[in-house]
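A.B. asks: Quick one: the structure is below, questions incoming.
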Amino acid sequence: MASRRSVEIVIPVYNEEQALRPCVERLRAFLEEDFRHDWRIIVANNGSTDGTVEAASRLAAEDERVRLLNLSRKGRGLALRTAWSQSTADIVSYMDVDLSTNLRYFPLLVEGLCCGYDVAVGSRLMQASMVARRLKREILSRGFNLLIRLLFWTRFTDAQCGFKALRGEAARLLLPHVVNNGWFFDAELLILAEKNGFRIFEAPVEWMEDLDSRVNLWGTAVEDVKGLLRMRTSRIKLNLPRPGGPTQMSTTRSGARKA
């Protein structure tokens with residue numbers, strides 16, 4: 001059995017005053033009952049204009065394992081970059097505040113990293129995954145992930161699922177080379193990781209779309225396409241050392257791809 005690790009879970013938030021407490025309380029209850037590693041929750045506020053900071057401060061005051069990282073600028077990627085860059089944890093991770101992904105799959109990501117992988121991601125496009133979302137979002141997601149594979153010949157299947165974890169050493173190696181600070185951050189990180197030989201572990205998830213999501217699907221799609229075109233004309237093979245071993249590209253899935 002893998003040894004006990006320190007794990008940080010980042011929750012990026014923007015104007016989530018109402019959703020934050022239920023999210024943190026649900027996550028904390030799960031970790032206390034079903035997670036065998038040492039953990040800390042980081043609420044990464046990026047430019048909220050409502051009472052999110054006050055809500056996060058109250059949660060942090062109630063439990064020393066919950067901390068607030070307060071940023072004045074917007075950008076999910078910026079929030080993750082800042083939180084992960086400051087972390088000294090063995091494993092860094094994040095999940096969306098709506099907890100659309102069932103938490104019971106989180107230990108699987110962490111165990112994948114404990115077993116030697118560098119990056120672990122939830123995939124909604126694996127056969128074992130259970131997904132409920134609108135047709136428009138399904139089409140956009142599948143189209144974007146297909147475009148990634150066509151442009152970069154990558155092997156991972158789902159770049160956008162807000163359910164990821166990295167070994168701390170892997171994050172420190174990759175982050176300086178990730179340009180985007182918005183929604184494309186995830187995809188850029190994964191493309192760089194695979195093209196530089198980092199071992200990626202994909203796990204199936206149970207995922208239900210939050211119909212109250214504030215994500216601008218079309219605006220995000222435009223940002224994603226611009227990011228892919230920028231990377232297509234950039235140097236992405238950086239000869240980075242793979243943490244803990246020789247460089248060797250590998251993407252391993254714990255289930256088959258969803259048809």
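Residue numbering restarts at 1 for every chain of the structure tokens, chains are lettered A, B, ... in their displayed order, and ligands are numbered from 1 as they appear.
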If you count only C-alpha atoms, which residues fall within 12 Å of Ala203 of chain A, apart from same-chain ones fewer than 2 positions away, as a PyMOL selection string?
C.D. replies: chain A and resi 101+104-113+119-130+156-158+161+163-165+200-201+205-206+251-258
A.B. asks: Please, could you write that set of residues out with C-alpha atoms as a compact mmCIF listing (two decimals), in the first residue's frame?
C.D. replies:
```
# COMPACT_ATOMS: atom_id res chain seq x y z
CA THR A 101 -17.72 15.14 -10.24
CA ARG A 104 -15.71 9.01 -4.54
CA TYR A 105 -13.40 9.10 -7.57
CA PHE A 106 -10.94 11.51 -5.99
CA PRO A 107 -8.96 8.87 -4.05
CA LEU A 108 -8.44 7.03 -7.36
CA LEU A 109 -6.63 10.06 -8.81
CA VAL A 110 -4.41 10.31 -5.74
CA GLU A 111 -3.58 6.60 -5.72
CA GLY A 112 -2.58 6.83 -9.38
CA LEU A 113 0.00 9.45 -8.41
CA VAL A 119 -0.57 13.68 -13.58
CA ALA A 120 -4.00 12.19 -12.86
CA VAL A 121 -7.19 13.41 -14.54
CA GLY A 122 -10.84 12.54 -14.49
CA SER A 123 -12.28 11.73 -17.90
CA ARG A 124 -15.95 11.95 -18.86
CA LEU A 125 -15.22 10.20 -22.16
CA MET A 126 -14.38 6.76 -20.85
CA GLN A 127 -16.71 3.80 -21.14
CA ALA A 128 -16.98 3.42 -17.37
CA SER A 129 -17.90 7.08 -16.85
CA MET A 130 -21.46 8.16 -16.08
CA PHE A 156 -5.54 11.60 -23.07
CA THR A 157 -9.27 11.84 -23.78
CA ASP A 158 -10.70 14.70 -21.70
CA CYS A 161 -12.89 17.94 -16.64
CA PHE A 163 -11.02 17.15 -11.54
CA LYS A 164 -7.23 16.87 -11.70
CA ALA A 165 -4.20 16.13 -9.56
CA ILE A 200 -0.73 10.64 -17.26
CA PHE A 201 -3.30 8.51 -15.49
CA VAL A 205 -15.85 9.67 -13.27
CA GLU A 206 -19.48 10.19 -12.46
CA THR A 251 -1.07 7.78 -20.85
CA THR A 252 -2.75 5.03 -18.88
CA ARG A 253 -6.49 4.66 -18.50
CA SER A 254 -8.30 2.78 -15.78
CA GLY A 255 -11.12 2.03 -18.21
CA ALA A 256 -11.92 2.07 -21.93
CA ARG A 257 -12.85 5.22 -23.79
CA LYS A 258 -16.54 6.05 -23.91
```
A.B. asks: Which neighbours of segment 138-152 of chain A fall inside 9 Å, counting only C-alpha atoms, when residues of the same chain fewer than 4 positions from it are skipped, and could you give them as an MDAnalysis selection string?
C.D. replies: chainID A and resid 125 133:134 156:160 187 191 195 217:218 221 224:225 228:229 232
A.B. asks: For the residues in the current selection, export C-alpha atoms as a PDB file, in the first residue's frame.
C.D. replies:
```pdb
ATOM      1  CA  LEU A 125     -15.223  10.200 -22.155  1.00  0.00           C
ATOM      2  CA  ARG A 133     -25.105  17.013 -19.521  1.00  0.00           C
ATOM      3  CA  ARG A 134     -26.855  19.026 -22.198  1.00  0.00           C
ATOM      4  CA  PHE A 156      -5.543  11.604 -23.074  1.00  0.00           C
ATOM      5  CA  THR A 157      -9.266  11.845 -23.778  1.00  0.00           C
ATOM      6  CA  ASP A 158     -10.696  14.703 -21.699  1.00  0.00           C
ATOM      7  CA  ALA A 159      -8.759  17.929 -21.174  1.00  0.00           C
ATOM      8  CA  GLN A 160     -11.559  19.939 -19.585  1.00  0.00           C
ATOM      9  CA  ALA A 187      -5.564  21.748 -21.761  1.00  0.00           C
ATOM     10  CA  ILE A 191      -0.533  18.850 -23.704  1.00  0.00           C
ATOM     11  CA  LYS A 195       4.599  15.892 -24.997  1.00  0.00           C
ATOM     12  CA  LEU A 217     -19.453  28.107 -23.277  1.00  0.00           C
ATOM     13  CA  TRP A 218     -18.929  29.982 -26.532  1.00  0.00           C
ATOM     14  CA  ALA A 221     -14.567  27.706 -26.846  1.00  0.00           C
ATOM     15  CA  ASP A 224      -9.599  27.287 -26.279  1.00  0.00           C
ATOM     16  CA  VAL A 225      -9.221  27.398 -30.064  1.00  0.00           C
ATOM     17  CA  LEU A 228      -4.526  25.495 -29.447  1.00  0.00           C
ATOM     18  CA  LEU A 229      -3.449  27.570 -32.462  1.00  0.00           C
ATOM     19  CA  ARG A 232       0.529  24.594 -32.579  1.00  0.00           C
TER      20      ARG A 232
END
```
A.B. asks: Could you pull the residues within 10 Å of Tyr14 of chain A, counting only C-alpha atoms, minus those fewer than 6 positions along the same chain, as a JSON list (two decimals) with C-alpha atoms, in the first residue's frame?
C.D. replies:
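Once everything was written out, this is out-v5.json:
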```json
[["chain", "number", "residue", "atom", "x", "y", "z"],
["A", 20, "LEU", "CA", -18.92, 27.86, -1.15],
["A", 44, "ALA", "CA", -8.60, 30.30, -4.25],
["A", 45, "ASN", "CA", -10.68, 33.42, -4.70],
["A", 46, "ASN", "CA", -9.91, 35.23, -7.92],
["A", 47, "GLY", "CA", -11.45, 38.68, -8.08],
["A", 48, "SER", "CA", -14.87, 38.03, -6.53],
["A", 49, "THR", "CA", -17.07, 41.08, -6.02],
["A", 50, "ASP", "CA", -19.66, 39.49, -3.70],
["A", 52, "THR", "CA", -17.02, 35.11, -1.27],
["A", 53, "VAL", "CA", -13.96, 36.33, 0.63],
["A", 73, "ARG", "CA", -7.46, 39.23, -10.62],
["A", 74, "LYS", "CA", -9.84, 36.85, -12.36],
["A", 75, "GLY", "CA", -8.79, 33.61, -14.04],
["A", 76, "ARG", "CA", -9.15, 29.98, -13.02],
["A", 97, "VAL", "CA", -16.94, 24.44, -6.54],
["A", 214, "ARG", "CA", -21.63, 30.64, -15.00]]
```
A.B. asks: With a distance cut-off of 12 Å and only C-alpha atoms, select the neighbouring residues of Ile42 of chain A, excluding the residue or stretch itself and same-chain residues fewer than 5 positions from it, and output the selection as number ranges by chain.
C.D. replies: A: 7-13, 20, 24, 27-28, 56-57, 59-60, 63-70, 79-80, 82-84, 86-87, 89, 92-97
A.B. asks: How far is it from atom CA of Phe185 of chain A to atom CA of Gly219 of chain A, in Å with one decimal?
C.D. replies: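 Spanning atom CA of Phe185 of chain A to atom CA of Gly219 of chain A is a straight-line distance of 14.5 Å.
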A.B. asks: I need the residue nearest Arg40 of chain A from this list: A:Lys237, A:Thr88, A:Arg58, A:Leu78. Use only C-alpha atoms for the distance.
C.D. replies: A:Thr88
